[in-house]
>>> print(open('model19.pdb').read())   # PDB, C-alpha atoms, pLDDT in the B column
ATOM      1  CA  ALA E   1    -109.577 212.938 -70.849  1.00 82.00           C
ATOM      2  CA  GLN E   2    -108.571 211.662 -74.247  1.00 88.00           C
ATOM      3  CA  SER E   3    -107.820 213.405 -77.518  1.00 94.00           C
ATOM      4  CA  VAL E   4    -107.344 212.131 -81.064  1.00 97.00           C
ATOM      5  CA  THR E   5    -105.411 213.700 -83.910  1.00 97.00           C
ATOM      6  CA  GLN E   6    -105.810 212.581 -87.484  1.00 97.00           C
ATOM      7  CA  LEU E   7    -102.792 213.962 -89.221  1.00 94.00           C
ATOM      8  CA  ASP E   8    -104.245 214.308 -92.719  1.00 95.00           C
ATOM      9  CA  SER E   9    -107.570 215.957 -93.484  1.00 96.00           C
ATOM     10  CA  GLN E  10    -107.558 214.725 -97.077  1.00 97.00           C
ATOM     11  CA  VAL E  11    -105.730 211.859 -98.780  1.00 98.00           C
ATOM     12  CA  PRO E  12    -105.990 211.461-102.567  1.00 98.00           C
ATOM     13  CA  VAL E  13    -104.760 208.193-104.022  1.00 98.00           C
ATOM     14  CA  PHE E  14    -105.007 206.253-107.265  1.00 98.00           C
ATOM     15  CA  GLU E  15    -106.953 203.019-107.495  1.00 97.00           C
ATOM     16  CA  GLU E  16    -104.919 199.903-106.577  1.00 97.00           C
ATOM     17  CA  ALA E  17    -102.301 202.014-104.777  1.00 98.00           C
ATOM     18  CA  PRO E  18    -101.557 201.509-101.062  1.00 98.00           C
ATOM     19  CA  VAL E  19    -102.798 204.012 -98.512  1.00 98.00           C
ATOM     20  CA  GLU E  20    -102.129 204.918 -94.889  1.00 98.00           C
ATOM     21  CA  LEU E  21    -104.391 207.114 -92.775  1.00 98.00           C
ATOM     22  CA  ARG E  22    -102.620 208.332 -89.669  1.00 98.00           C
ATOM     23  CA  CYS E  23    -104.068 208.573 -86.182  1.00 98.00           C
ATOM     24  CA  ASN E  24    -102.405 209.582 -82.926  1.00 97.00           C
ATOM     25  CA  TYR E  25    -104.086 209.721 -79.557  1.00 96.00           C
ATOM     26  CA  SER E  26    -103.410 211.123 -76.124  1.00 95.00           C
ATOM     27  CA  SER E  27    -104.686 209.596 -72.902  1.00 91.00           C
ATOM     28  CA  SER E  28    -103.600 209.208 -69.291  1.00 89.00           C
ATOM     29  CA  VAL E  29    -105.425 205.879 -69.033  1.00 88.00           C
ATOM     30  CA  SER E  30    -105.678 202.737 -71.102  1.00 88.00           C
ATOM     31  CA  VAL E  31    -107.900 203.083 -74.144  1.00 90.00           C
ATOM     32  CA  TYR E  32    -109.787 201.121 -76.734  1.00 92.00           C
ATOM     33  CA  LEU E  33    -109.217 202.247 -80.324  1.00 94.00           C
ATOM     34  CA  PHE E  34    -111.564 202.257 -83.286  1.00 95.00           C
ATOM     35  CA  TRP E  35    -111.760 203.193 -86.932  1.00 97.00           C
ATOM     36  CA  TYR E  36    -115.141 204.109 -88.378  1.00 97.00           C
ATOM     37  CA  VAL E  37    -116.029 204.911 -91.986  1.00 97.00           C
ATOM     38  CA  GLN E  38    -118.742 207.300 -93.149  1.00 96.00           C
ATOM     39  CA  TYR E  39    -120.123 207.321 -96.674  1.00 94.00           C
ATOM     40  CA  PRO E  40    -122.009 210.419 -97.893  1.00 89.00           C
ATOM     41  CA  ASN E  41    -125.330 210.995 -96.152  1.00 84.00           C
ATOM     42  CA  GLN E  42    -124.900 207.949 -93.945  1.00 89.00           C
ATOM     43  CA  GLY E  43    -124.038 207.144 -90.357  1.00 91.00           C
ATOM     44  CA  LEU E  44    -120.781 205.652 -89.122  1.00 95.00           C
ATOM     45  CA  GLN E  45    -119.835 202.055 -89.827  1.00 95.00           C
ATOM     46  CA  LEU E  46    -117.344 200.241 -87.629  1.00 94.00           C
ATOM     47  CA  LEU E  47    -114.305 199.258 -89.671  1.00 95.00           C
ATOM     48  CA  LEU E  48    -112.103 197.677 -87.021  1.00 94.00           C
ATOM     49  CA  LYS E  49    -111.181 197.928 -83.367  1.00 93.00           C
ATOM     50  CA  TYR E  50    -108.376 197.251 -80.936  1.00 92.00           C
ATOM     51  CA  LEU E  51    -109.352 196.163 -77.456  1.00 89.00           C
ATOM     52  CA  SER E  52    -106.452 193.996 -76.306  1.00 86.00           C
ATOM     53  CA  GLY E  53    -104.195 191.206 -77.486  1.00 86.00           C
ATOM     54  CA  SER E  54    -102.586 191.288 -80.913  1.00 87.00           C
ATOM     55  CA  THR E  55    -101.646 194.826 -81.863  1.00 89.00           C
ATOM     56  CA  LEU E  56    -102.475 194.203 -85.532  1.00 92.00           C
ATOM     57  CA  VAL E  57    -106.181 194.120 -86.283  1.00 92.00           C
ATOM     58  CA  GLU E  58    -107.854 193.509 -89.621  1.00 90.00           C
ATOM     59  CA  SER E  59    -111.206 194.213 -91.230  1.00 91.00           C
ATOM     60  CA  ILE E  60    -113.098 191.976 -93.620  1.00 83.00           C
ATOM     61  CA  ASN E  61    -112.561 194.358 -96.541  1.00 88.00           C
ATOM     62  CA  GLY E  62    -108.767 194.447 -96.500  1.00 94.00           C
ATOM     63  CA  PHE E  63    -108.005 197.289 -94.085  1.00 96.00           C
ATOM     64  CA  GLU E  64    -105.667 196.780 -91.157  1.00 97.00           C
ATOM     65  CA  ALA E  65    -104.483 198.925 -88.270  1.00 97.00           C
ATOM     66  CA  GLU E  66    -101.653 198.531 -85.831  1.00 95.00           C
ATOM     67  CA  PHE E  67    -101.724 199.720 -82.247  1.00 94.00           C
ATOM     68  CA  ASN E  68     -98.389 201.216 -81.232  1.00 94.00           C
ATOM     69  CA  LYS E  69     -98.450 202.041 -77.541  1.00 91.00           C
ATOM     70  CA  SER E  70     -95.037 203.707 -77.413  1.00 92.00           C
ATOM     71  CA  GLN E  71     -95.939 206.065 -80.246  1.00 92.00           C
ATOM     72  CA  THR E  72     -99.607 206.311 -79.180  1.00 94.00           C
ATOM     73  CA  SER E  73    -100.671 205.646 -82.745  1.00 96.00           C
ATOM     74  CA  PHE E  74    -103.281 203.567 -84.509  1.00 97.00           C
ATOM     75  CA  HIS E  75    -102.657 204.051 -88.227  1.00 97.00           C
ATOM     76  CA  LEU E  76    -105.009 202.533 -90.803  1.00 97.00           C
ATOM     77  CA  ARG E  77    -103.578 200.877 -93.919  1.00 98.00           C
ATOM     78  CA  LYS E  78    -104.760 199.140 -97.030  1.00 97.00           C
ATOM     79  CA  PRO E  79    -102.351 197.625 -99.564  1.00 97.00           C
ATOM     80  CA  SER E  80    -104.591 198.238-102.581  1.00 97.00           C
ATOM     81  CA  VAL E  81    -107.566 200.611-102.567  1.00 97.00           C
ATOM     82  CA  HIS E  82    -110.713 200.550-104.686  1.00 97.00           C
ATOM     83  CA  ILE E  83    -112.947 203.339-105.919  1.00 96.00           C
ATOM     84  CA  SER E  84    -115.550 202.135-103.417  1.00 95.00           C
ATOM     85  CA  ASP E  85    -113.185 202.982-100.522  1.00 96.00           C
ATOM     86  CA  THR E  86    -113.809 206.671-101.157  1.00 97.00           C
ATOM     87  CA  ALA E  87    -115.294 207.935 -97.888  1.00 97.00           C
ATOM     88  CA  GLU E  88    -114.449 209.790 -94.699  1.00 97.00           C
ATOM     89  CA  TYR E  89    -112.595 207.813 -92.035  1.00 98.00           C
ATOM     90  CA  PHE E  90    -112.684 208.566 -88.330  1.00 98.00           C
ATOM     91  CA  CYS E  91    -110.333 207.356 -85.648  1.00 98.00           C
ATOM     92  CA  ALA E  92    -111.843 207.177 -82.149  1.00 96.00           C
ATOM     93  CA  VAL E  93    -110.889 206.203 -78.612  1.00 94.00           C
ATOM     94  CA  SER E  94    -112.749 205.338 -75.447  1.00 91.00           C
ATOM     95  CA  GLN E  95    -111.508 204.721 -71.938  1.00 88.00           C
ATOM     96  CA  ALA E  96    -110.855 201.084 -71.204  1.00 83.00           C
ATOM     97  CA  GLY E  97    -112.619 199.910 -68.072  1.00 74.00           C
ATOM     98  CA  GLY E  98    -114.940 201.841 -65.779  1.00 70.00           C
ATOM     99  CA  THR E  99    -118.258 203.092 -67.110  1.00 70.00           C
ATOM    100  CA  SER E 100    -117.047 205.365 -69.876  1.00 70.00           C
ATOM    101  CA  TYR E 101    -117.486 202.894 -72.724  1.00 67.00           C
ATOM    102  CA  GLY E 102    -120.359 204.912 -74.067  1.00 78.00           C
ATOM    103  CA  LYS E 103    -118.221 207.976 -74.687  1.00 89.00           C
ATOM    104  CA  LEU E 104    -116.150 207.974 -77.844  1.00 93.00           C
ATOM    105  CA  THR E 105    -113.692 210.754 -78.600  1.00 95.00           C
ATOM    106  CA  PHE E 106    -113.209 211.231 -82.338  1.00 97.00           C
ATOM    107  CA  GLY E 107    -110.536 212.703 -84.541  1.00 97.00           C
ATOM    108  CA  GLN E 108    -111.466 215.311 -87.138  1.00 97.00           C
ATOM    109  CA  GLY E 109    -111.704 212.765 -89.921  1.00 97.00           C
ATOM    110  CA  THR E 110    -109.711 212.005 -93.070  1.00 98.00           C
ATOM    111  CA  ILE E 111    -111.379 212.178 -96.447  1.00 97.00           C
ATOM    112  CA  LEU E 112    -109.989 209.414 -98.643  1.00 98.00           C
ATOM    113  CA  THR E 113    -110.556 209.978-102.345  1.00 97.00           C
ATOM    114  CA  VAL E 114    -109.650 207.156-104.702  1.00 97.00           C
ATOM    115  CA  HIS E 115    -109.071 208.228-108.308  1.00 97.00           C
ATOM    116  CA  PRO E 116    -109.324 205.869-111.311  1.00 96.00           C
TER     117      PRO E 116
ATOM    118  CA  LYS H   1    -130.896 191.808 -86.524  1.00 72.00           C
ATOM    119  CA  ALA H   2    -132.121 195.238 -87.453  1.00 82.00           C
ATOM    120  CA  GLY H   3    -129.640 198.042 -86.954  1.00 93.00           C
ATOM    121  CA  VAL H   4    -130.010 201.246 -85.016  1.00 96.00           C
ATOM    122  CA  THR H   5    -132.908 203.289 -86.338  1.00 97.00           C
ATOM    123  CA  GLN H   6    -133.392 207.017 -86.000  1.00 97.00           C
ATOM    124  CA  THR H   7    -136.450 209.108 -86.737  1.00 97.00           C
ATOM    125  CA  PRO H   8    -137.034 211.419 -88.367  1.00 97.00           C
ATOM    126  CA  ARG H   9    -134.193 211.370 -90.884  1.00 96.00           C
ATOM    127  CA  TYR H  10    -134.556 215.045 -91.769  1.00 97.00           C
ATOM    128  CA  LEU H  11    -135.958 218.031 -89.908  1.00 96.00           C
ATOM    129  CA  ILE H  12    -136.266 221.732 -90.583  1.00 98.00           C
ATOM    130  CA  LYS H  13    -136.994 224.025 -87.662  1.00 97.00           C
ATOM    131  CA  THR H  14    -136.770 227.737 -86.967  1.00 97.00           C
ATOM    132  CA  ARG H  15    -134.825 229.496 -84.256  1.00 97.00           C
ATOM    133  CA  GLY H  16    -136.454 229.362 -80.868  1.00 97.00           C
ATOM    134  CA  GLN H  17    -138.391 226.176 -81.520  1.00 98.00           C
ATOM    135  CA  GLN H  18    -137.703 222.880 -79.827  1.00 98.00           C
ATOM    136  CA  VAL H  19    -137.151 219.462 -81.378  1.00 98.00           C
ATOM    137  CA  THR H  20    -137.259 215.832 -80.279  1.00 98.00           C
ATOM    138  CA  LEU H  21    -135.261 213.119 -81.995  1.00 98.00           C
ATOM    139  CA  SER H  22    -135.812 209.414 -81.497  1.00 98.00           C
ATOM    140  CA  CYS H  23    -133.459 206.440 -81.494  1.00 98.00           C
ATOM    141  CA  SER H  24    -134.231 202.727 -81.346  1.00 98.00           C
ATOM    142  CA  PRO H  25    -131.164 200.633 -80.469  1.00 96.00           C
ATOM    143  CA  ILE H  26    -130.274 197.215 -81.792  1.00 95.00           C
ATOM    144  CA  SER H  27    -132.357 194.557 -80.073  1.00 93.00           C
ATOM    145  CA  GLY H  28    -130.684 193.557 -76.808  1.00 91.00           C
ATOM    146  CA  HIS H  29    -128.550 196.674 -76.582  1.00 91.00           C
ATOM    147  CA  ARG H  30    -129.128 198.673 -73.440  1.00 91.00           C
ATOM    148  CA  SER H  31    -126.718 201.563 -73.807  1.00 92.00           C
ATOM    149  CA  VAL H  32    -127.524 204.470 -76.114  1.00 95.00           C
ATOM    150  CA  SER H  33    -125.168 207.355 -76.860  1.00 95.00           C
ATOM    151  CA  TRP H  34    -125.806 210.541 -78.803  1.00 97.00           C
ATOM    152  CA  TYR H  35    -123.359 212.569 -80.880  1.00 97.00           C
ATOM    153  CA  GLN H  36    -123.503 215.823 -82.798  1.00 98.00           C
ATOM    154  CA  GLN H  37    -121.633 216.095 -86.082  1.00 97.00           C
ATOM    155  CA  THR H  38    -120.911 219.481 -87.663  1.00 96.00           C
ATOM    156  CA  PRO H  39    -118.369 220.539 -90.306  1.00 92.00           C
ATOM    157  CA  GLY H  40    -116.678 222.898 -87.869  1.00 90.00           C
ATOM    158  CA  GLN H  41    -116.594 220.913 -84.641  1.00 94.00           C
ATOM    159  CA  GLY H  42    -116.631 217.377 -86.010  1.00 94.00           C
ATOM    160  CA  LEU H  43    -118.133 214.574 -83.947  1.00 96.00           C
ATOM    161  CA  GLN H  44    -118.875 215.509 -80.368  1.00 97.00           C
ATOM    162  CA  PHE H  45    -120.313 213.360 -77.603  1.00 96.00           C
ATOM    163  CA  LEU H  46    -123.586 214.609 -76.138  1.00 97.00           C
ATOM    164  CA  PHE H  47    -124.620 211.995 -73.566  1.00 94.00           C
ATOM    165  CA  GLU H  48    -125.072 208.303 -72.885  1.00 94.00           C
ATOM    166  CA  TYR H  49    -127.978 206.505 -71.289  1.00 94.00           C
ATOM    167  CA  PHE H  50    -128.043 203.077 -69.708  1.00 91.00           C
ATOM    168  CA  SER H  51    -130.993 201.527 -67.878  1.00 90.00           C
ATOM    169  CA  GLU H  52    -132.951 204.778 -68.136  1.00 93.00           C
ATOM    170  CA  THR H  53    -130.163 206.729 -66.393  1.00 93.00           C
ATOM    171  CA  GLN H  54    -127.728 209.204 -67.849  1.00 93.00           C
ATOM    172  CA  ARG H  55    -124.331 207.607 -67.334  1.00 89.00           C
ATOM    173  CA  ASN H  56    -122.034 210.027 -69.148  1.00 89.00           C
ATOM    174  CA  LYS H  57    -122.439 213.594 -70.314  1.00 92.00           C
ATOM    175  CA  GLY H  58    -120.529 215.785 -72.756  1.00 93.00           C
ATOM    176  CA  ASN H  59    -119.963 219.530 -72.692  1.00 94.00           C
ATOM    177  CA  PHE H  60    -123.201 220.830 -74.117  1.00 96.00           C
ATOM    178  CA  PRO H  61    -125.553 223.435 -72.657  1.00 96.00           C
ATOM    179  CA  GLY H  62    -128.640 222.438 -70.723  1.00 95.00           C
ATOM    180  CA  ARG H  63    -130.807 223.053 -73.798  1.00 97.00           C
ATOM    181  CA  PHE H  64    -129.710 219.586 -74.854  1.00 98.00           C
ATOM    182  CA  SER H  65    -131.385 216.835 -72.881  1.00 97.00           C
ATOM    183  CA  GLY H  66    -132.272 213.226 -73.294  1.00 97.00           C
ATOM    184  CA  ARG H  67    -134.021 210.296 -71.781  1.00 97.00           C
ATOM    185  CA  GLN H  68    -134.244 206.553 -72.141  1.00 97.00           C
ATOM    186  CA  PHE H  69    -137.287 204.367 -71.822  1.00 97.00           C
ATOM    187  CA  SER H  70    -137.621 200.918 -70.278  1.00 95.00           C
ATOM    188  CA  ASN H  71    -137.387 199.309 -73.726  1.00 94.00           C
ATOM    189  CA  SER H  72    -134.009 201.078 -74.219  1.00 95.00           C
ATOM    190  CA  ARG H  73    -135.371 203.457 -76.853  1.00 97.00           C
ATOM    191  CA  SER H  74    -134.003 206.936 -76.373  1.00 98.00           C
ATOM    192  CA  GLU H  75    -135.003 210.470 -77.241  1.00 98.00           C
ATOM    193  CA  MET H  76    -133.029 213.663 -77.235  1.00 98.00           C
ATOM    194  CA  ASN H  77    -134.544 217.097 -77.016  1.00 98.00           C
ATOM    195  CA  VAL H  78    -133.122 220.455 -77.964  1.00 98.00           C
ATOM    196  CA  SER H  79    -134.989 223.480 -76.693  1.00 95.00           C
ATOM    197  CA  THR H  80    -134.748 227.073 -77.899  1.00 96.00           C
ATOM    198  CA  LEU H  81    -133.005 226.110 -81.109  1.00 97.00           C
ATOM    199  CA  GLU H  82    -130.109 228.205 -82.383  1.00 97.00           C
ATOM    200  CA  LEU H  83    -128.675 228.382 -85.895  1.00 97.00           C
ATOM    201  CA  GLY H  84    -125.562 226.610 -84.625  1.00 96.00           C
ATOM    202  CA  ASP H  85    -127.606 223.555 -83.676  1.00 97.00           C
ATOM    203  CA  SER H  86    -127.860 222.650 -87.352  1.00 98.00           C
ATOM    204  CA  ALA H  87    -126.065 219.326 -87.514  1.00 97.00           C
ATOM    205  CA  LEU H  88    -126.269 215.606 -88.077  1.00 97.00           C
ATOM    206  CA  TYR H  89    -127.302 213.939 -84.827  1.00 98.00           C
ATOM    207  CA  LEU H  90    -126.104 210.380 -84.504  1.00 97.00           C
ATOM    208  CA  CYS H  91    -127.262 207.756 -82.091  1.00 97.00           C
ATOM    209  CA  ALA H  92    -125.250 204.658 -81.225  1.00 96.00           C
ATOM    210  CA  SER H  93    -126.037 201.585 -79.170  1.00 94.00           C
ATOM    211  CA  SER H  94    -123.954 198.938 -77.471  1.00 91.00           C
ATOM    212  CA  LEU H  95    -124.353 195.791 -75.444  1.00 86.00           C
ATOM    213  CA  GLU H  96    -123.788 195.536 -71.727  1.00 74.00           C
ATOM    214  CA  GLY H  97    -121.208 193.019 -70.682  1.00 69.00           C
ATOM    215  CA  GLN H  98    -118.976 191.490 -73.320  1.00 66.00           C
ATOM    216  CA  GLY H  99    -119.059 193.748 -76.352  1.00 66.00           C
ATOM    217  CA  GLN H 100    -120.049 196.829 -74.384  1.00 71.00           C
ATOM    218  CA  GLU H 101    -117.084 198.767 -75.677  1.00 77.00           C
ATOM    219  CA  THR H 102    -118.254 198.695 -79.296  1.00 87.00           C
ATOM    220  CA  GLN H 103    -120.835 201.196 -80.485  1.00 91.00           C
ATOM    221  CA  TYR H 104    -123.013 200.739 -83.554  1.00 93.00           C
ATOM    222  CA  PHE H 105    -124.375 203.845 -85.191  1.00 95.00           C
ATOM    223  CA  GLY H 106    -127.658 204.712 -86.811  1.00 96.00           C
ATOM    224  CA  PRO H 107    -128.030 206.727 -90.024  1.00 95.00           C
ATOM    225  CA  GLY H 108    -128.553 209.980 -88.167  1.00 96.00           C
ATOM    226  CA  THR H 109    -131.096 212.779 -88.119  1.00 97.00           C
ATOM    227  CA  ARG H 110    -130.137 215.840 -90.120  1.00 97.00           C
ATOM    228  CA  LEU H 111    -131.447 218.982 -88.431  1.00 98.00           C
ATOM    229  CA  LEU H 112    -131.528 222.327 -90.180  1.00 98.00           C
ATOM    230  CA  VAL H 113    -132.330 225.397 -88.108  1.00 98.00           C
ATOM    231  CA  LEU H 114    -133.425 228.486 -90.068  1.00 97.00           C
TER     232      LEU H 114
END
>>> encode(input="model19.pdb", output="structure tokens")
Amino acid sequence: AQSVTQLDSQVPVFEEAPVELRCNYSSSVSVYLFWYVQYPNQGLQLLLKYLSGSTLVESINGFEAEFNKSQTSFHLRKPSVHISDTAEYFCAVSQAGGTSYGKLTFGQGTILTVHP
Amino acid sequence: KAGVTQTPRYLIKTRGQQVTLSCSPISGHRSVSWYQQTPGQGLQFLFEYFSETQRNKGNFPGRFSGRQFSNSRSEMNVSTLELGDSALYLCASSLEGQGQETQYFGPGTRLLVL
């Protein structure tokens, strides 16, 4: 079984400032890692994912996350945030291999609020 | 390609009733997963269907059930509704084969039980 801990429930930040949303996971098997974003009254949108290979993954809108196996972390960062980044962010894991791809385990979410 | 669609988007039911929610996956996707999102419990996995068979199941009571049709569309049913079933129900689909690990979510069905 896997578990995910998002260390901050809320993160306020000023526009154009850098931000880091922290995610730690626990698993006895290899995992895939994901970050999803949810805007009010909407579903989840995939932001980025780590499956294998380079431990640093990037999204098209400037976010990046680094997989750290020794610290079992997958923190999300952005060097300069915009008002439009205000949303709730979810870190998730699934078991790598087997037939459990369809089961994601989510963290409790981090609400990012960007202030002007 | 059209995204995952869910119908209806909003529902109001009373305790004891039953409800059926529908999900149409992205064209070509054969796996469909369902999740419940509540403020208290967060996002929780309900079940996953692939090729009309339930492949994975979460820790929900038997009142929660689902099925998948030959065209990969899926429905979930909740019988004998309780107040605590009020939630956003999200459906996600994924490919089989390369890309199967990535799930794409629909907008959700918001269920209110009175």
>>> closest_residue(input="model19.pdb", among="E:Thr86, E:His75, E:Leu46, E:Gly102", to="His29 (chain H)", atoms="all atoms listed in the file")
E:Gly102
>>> resolve_selection(input="model19.pdb", expression="the PyMOL selection byres ((chain E and resi 30-38) around 9)", output="PyMOL selection string")
(chain E and resi 2+27-29+39-52+65+67+74+76+87-97+101) or (chain H and resi 101-102)
>>> write_last_selection(input="model19.pdb", atoms="C-alpha atoms", output="PDB file, keeping the file's coordinate frame")
ATOM      1  CA  GLN E   2    -108.571 211.662 -74.247  1.00 88.00           C
ATOM      2  CA  SER E  27    -104.686 209.596 -72.902  1.00 91.00           C
ATOM      3  CA  SER E  28    -103.600 209.208 -69.291  1.00 89.00           C
ATOM      4  CA  VAL E  29    -105.425 205.879 -69.033  1.00 88.00           C
ATOM      5  CA  TYR E  39    -120.123 207.321 -96.674  1.00 94.00           C
ATOM      6  CA  PRO E  40    -122.009 210.419 -97.893  1.00 89.00           C
ATOM      7  CA  ASN E  41    -125.330 210.995 -96.152  1.00 84.00           C
ATOM      8  CA  GLN E  42    -124.900 207.949 -93.945  1.00 89.00           C
ATOM      9  CA  GLY E  43    -124.038 207.144 -90.357  1.00 91.00           C
ATOM     10  CA  LEU E  44    -120.781 205.652 -89.122  1.00 95.00           C
ATOM     11  CA  GLN E  45    -119.835 202.055 -89.827  1.00 95.00           C
ATOM     12  CA  LEU E  46    -117.344 200.241 -87.629  1.00 94.00           C
ATOM     13  CA  LEU E  47    -114.305 199.258 -89.671  1.00 95.00           C
ATOM     14  CA  LEU E  48    -112.103 197.677 -87.021  1.00 94.00           C
ATOM     15  CA  LYS E  49    -111.181 197.928 -83.367  1.00 93.00           C
ATOM     16  CA  TYR E  50    -108.376 197.251 -80.936  1.00 92.00           C
ATOM     17  CA  LEU E  51    -109.352 196.163 -77.456  1.00 89.00           C
ATOM     18  CA  SER E  52    -106.452 193.996 -76.306  1.00 86.00           C
ATOM     19  CA  ALA E  65    -104.483 198.925 -88.270  1.00 97.00           C
ATOM     20  CA  PHE E  67    -101.724 199.720 -82.247  1.00 94.00           C
ATOM     21  CA  PHE E  74    -103.281 203.567 -84.509  1.00 97.00           C
ATOM     22  CA  LEU E  76    -105.009 202.533 -90.803  1.00 97.00           C
ATOM     23  CA  ALA E  87    -115.294 207.935 -97.888  1.00 97.00           C
ATOM     24  CA  GLU E  88    -114.449 209.790 -94.699  1.00 97.00           C
ATOM     25  CA  TYR E  89    -112.595 207.813 -92.035  1.00 98.00           C
ATOM     26  CA  PHE E  90    -112.684 208.566 -88.330  1.00 98.00           C
ATOM     27  CA  CYS E  91    -110.333 207.356 -85.648  1.00 98.00           C
ATOM     28  CA  ALA E  92    -111.843 207.177 -82.149  1.00 96.00           C
ATOM     29  CA  VAL E  93    -110.889 206.203 -78.612  1.00 94.00           C
ATOM     30  CA  SER E  94    -112.749 205.338 -75.447  1.00 91.00           C
ATOM     31  CA  GLN E  95    -111.508 204.721 -71.938  1.00 88.00           C
ATOM     32  CA  ALA E  96    -110.855 201.084 -71.204  1.00 83.00           C
ATOM     33  CA  GLY E  97    -112.619 199.910 -68.072  1.00 74.00           C
ATOM     34  CA  TYR E 101    -117.486 202.894 -72.724  1.00 67.00           C
TER      35      TYR E 101
ATOM     36  CA  GLU H 101    -117.084 198.767 -75.677  1.00 77.00           C
ATOM     37  CA  THR H 102    -118.254 198.695 -79.296  1.00 87.00           C
TER      38      THR H 102
END
>>> atom_distance(input="model19.pdb", atom1="CA of Lys57 (chain H)", atom2="CA of Tyr89 (chain H)")
15.3 Å
>>> closest_residue(input="model19.pdb", among="E:Lys78, E:Ala1, E:Asp85, E:Phe63", to="chain H", atoms="all atoms listed in the file")
E:Ala1
>>> residues_around(input="model19.pdb", residues="Arg77 (chain E)", least_positions_apart="5", cutoff="9 Å", atoms="only C-alpha atoms", output="list of chain:residue names")
E:Pro18, E:Val19, E:Glu20, E:Leu21, E:Arg22, E:Gly62, E:Phe63, E:Glu64, E:Ala65, E:Glu66
>>> closest_residue(input="model19.pdb", among="H:Gln100, H:Asn71, H:Ser79, H:Ser93", to="Gln17 (chain H)", atoms="all atoms listed in the file")
H:Ser79
>>> axis_aligned_box(input="model19.pdb", around="region 11-14 of chain H", padding_each_side="3 Å", output="JSON")
{"center_x": -136.5, "center_y": 222.9, "center_z": -88.8, "size_x": 7.0, "size_y": 15.7, "size_z": 9.6}
>>> resolve_selection(input="model19.pdb", expression="the PyMOL selection byres ((chain H and resi 4) around 7)", output="JSON, numbers by chain")
{"H": [2, 3, 5, 6, 24, 25, 26, 92, 105, 106]}
>>> closest_residue(input="model19.pdb", among="E:Ser9, E:Ser100, E:Asn68, E:Thr113", to="chain H", atoms="all atoms listed in the file")
E:Ser100
>>> closest_atom_pairs(input="model19.pdb", of="chain H", to="chain E", cutoff="10 Å", atoms="all atoms listed in the file", output="CSV")
residue,atom,partner,partner_atom,distance
H:Val4,CA,E:Gly43,CA,9.9
H:Ser31,CA,E:Gly102,CA,7.2
H:Val32,CA,E:Gly102,CA,7.5
H:Ser33,CA,E:Gly102,CA,6.1
H:Trp34,CA,E:Lys103,CA,9.0
H:Tyr35,CA,E:Leu104,CA,9.1
H:Pro39,CA,E:Gln108,CA,9.2
H:Gly40,CA,E:Gln108,CA,9.2
H:Gln41,CA,E:Gln108,CA,8.0
H:Gly42,CA,E:Gln108,CA,5.7
H:Leu43,CA,E:Phe106,CA,6.2
H:Gln44,CA,E:Thr105,CA,7.3
H:Phe45,CA,E:Lys103,CA,6.5
H:Leu46,CA,E:Lys103,CA,8.7
H:Phe47,CA,E:Lys103,CA,7.6
H:Glu48,CA,E:Gly102,CA,5.9
H:Tyr49,CA,E:Gly102,CA,8.3
H:Phe50,CA,E:Gly102,CA,9.0
H:Arg55,CA,E:Thr99,CA,7.6
H:Asn56,CA,E:Ser100,CA,6.9
H:Lys57,CA,E:Lys103,CA,8.3
H:Gly58,CA,E:Lys103,CA,8.4
H:Leu88,CA,E:Gly43,CA,9.0
H:Tyr89,CA,E:Gly43,CA,9.3
H:Leu90,CA,E:Gly43,CA,7.0
H:Cys91,CA,E:Gly43,CA,8.9
H:Ala92,CA,E:Gly102,CA,8.7
H:Ser93,CA,E:Gly102,CA,8.3
H:Ser94,CA,E:Gly102,CA,7.8
H:Glu96,CA,E:Tyr101,CA,9.7
H:Gly99,CA,E:Tyr101,CA,10.0
H:Gln100,CA,E:Tyr101,CA,6.8
H:Glu101,CA,E:Tyr101,CA,5.1
H:Thr102,CA,E:Tyr101,CA,7.8
H:Gln103,CA,E:Gly102,CA,7.4
H:Tyr104,CA,E:Leu46,CA,7.0
H:Phe105,CA,E:Leu44,CA,5.6
H:Gly106,CA,E:Gly43,CA,5.6
H:Pro107,CA,E:Gly43,CA,4.0
H:Gly108,CA,E:Gly43,CA,5.8
H:Thr109,CA,E:Gly43,CA,9.3
H:Arg110,CA,E:Asn41,CA,9.1
>>> decode(input="model19.pdb", residues="region 28-34 of chain H", atoms="N, CA and C atoms", output="PDB file, in the first residue's frame")
ATOM      1  N   GLY H  28     -10.571   5.741 -27.271  1.00  0.00           N
ATOM      2  CA  GLY H  28      -9.405   4.862 -27.287  1.00  0.00           C
ATOM      3  C   GLY H  28      -8.951   4.421 -25.912  1.00  0.00           C
ATOM      4  N   HIS H  29      -9.419   5.082 -24.878  1.00  0.00           N
ATOM      5  CA  HIS H  29      -9.066   4.678 -23.521  1.00  0.00           C
ATOM      6  C   HIS H  29      -9.984   3.554 -23.068  1.00  0.00           C
ATOM      7  N   ARG H  30      -9.394   2.538 -22.453  1.00  0.00           N
ATOM      8  CA  ARG H  30     -10.178   1.384 -22.067  1.00  0.00           C
ATOM      9  C   ARG H  30     -10.288   1.184 -20.556  1.00  0.00           C
ATOM     10  N   SER H  31      -9.493   1.929 -19.824  1.00  0.00           N
ATOM     11  CA  SER H  31      -9.559   1.831 -18.364  1.00  0.00           C
ATOM     12  C   SER H  31     -10.294   3.046 -17.813  1.00  0.00           C
ATOM     13  N   VAL H  32     -11.201   2.794 -16.892  1.00  0.00           N
ATOM     14  CA  VAL H  32     -11.953   3.873 -16.237  1.00  0.00           C
ATOM     15  C   VAL H  32     -11.881   3.675 -14.730  1.00  0.00           C
ATOM     16  N   SER H  33     -11.486   4.725 -14.029  1.00  0.00           N
ATOM     17  CA  SER H  33     -11.424   4.691 -12.565  1.00  0.00           C
ATOM     18  C   SER H  33     -12.369   5.729 -11.999  1.00  0.00           C
ATOM     19  N   TRP H  34     -12.861   5.456 -10.794  1.00  0.00           N
ATOM     20  CA  TRP H  34     -13.767   6.372 -10.113  1.00  0.00           C
ATOM     21  C   TRP H  34     -13.168   6.763  -8.764  1.00  0.00           C
TER      22      TRP H  34
END
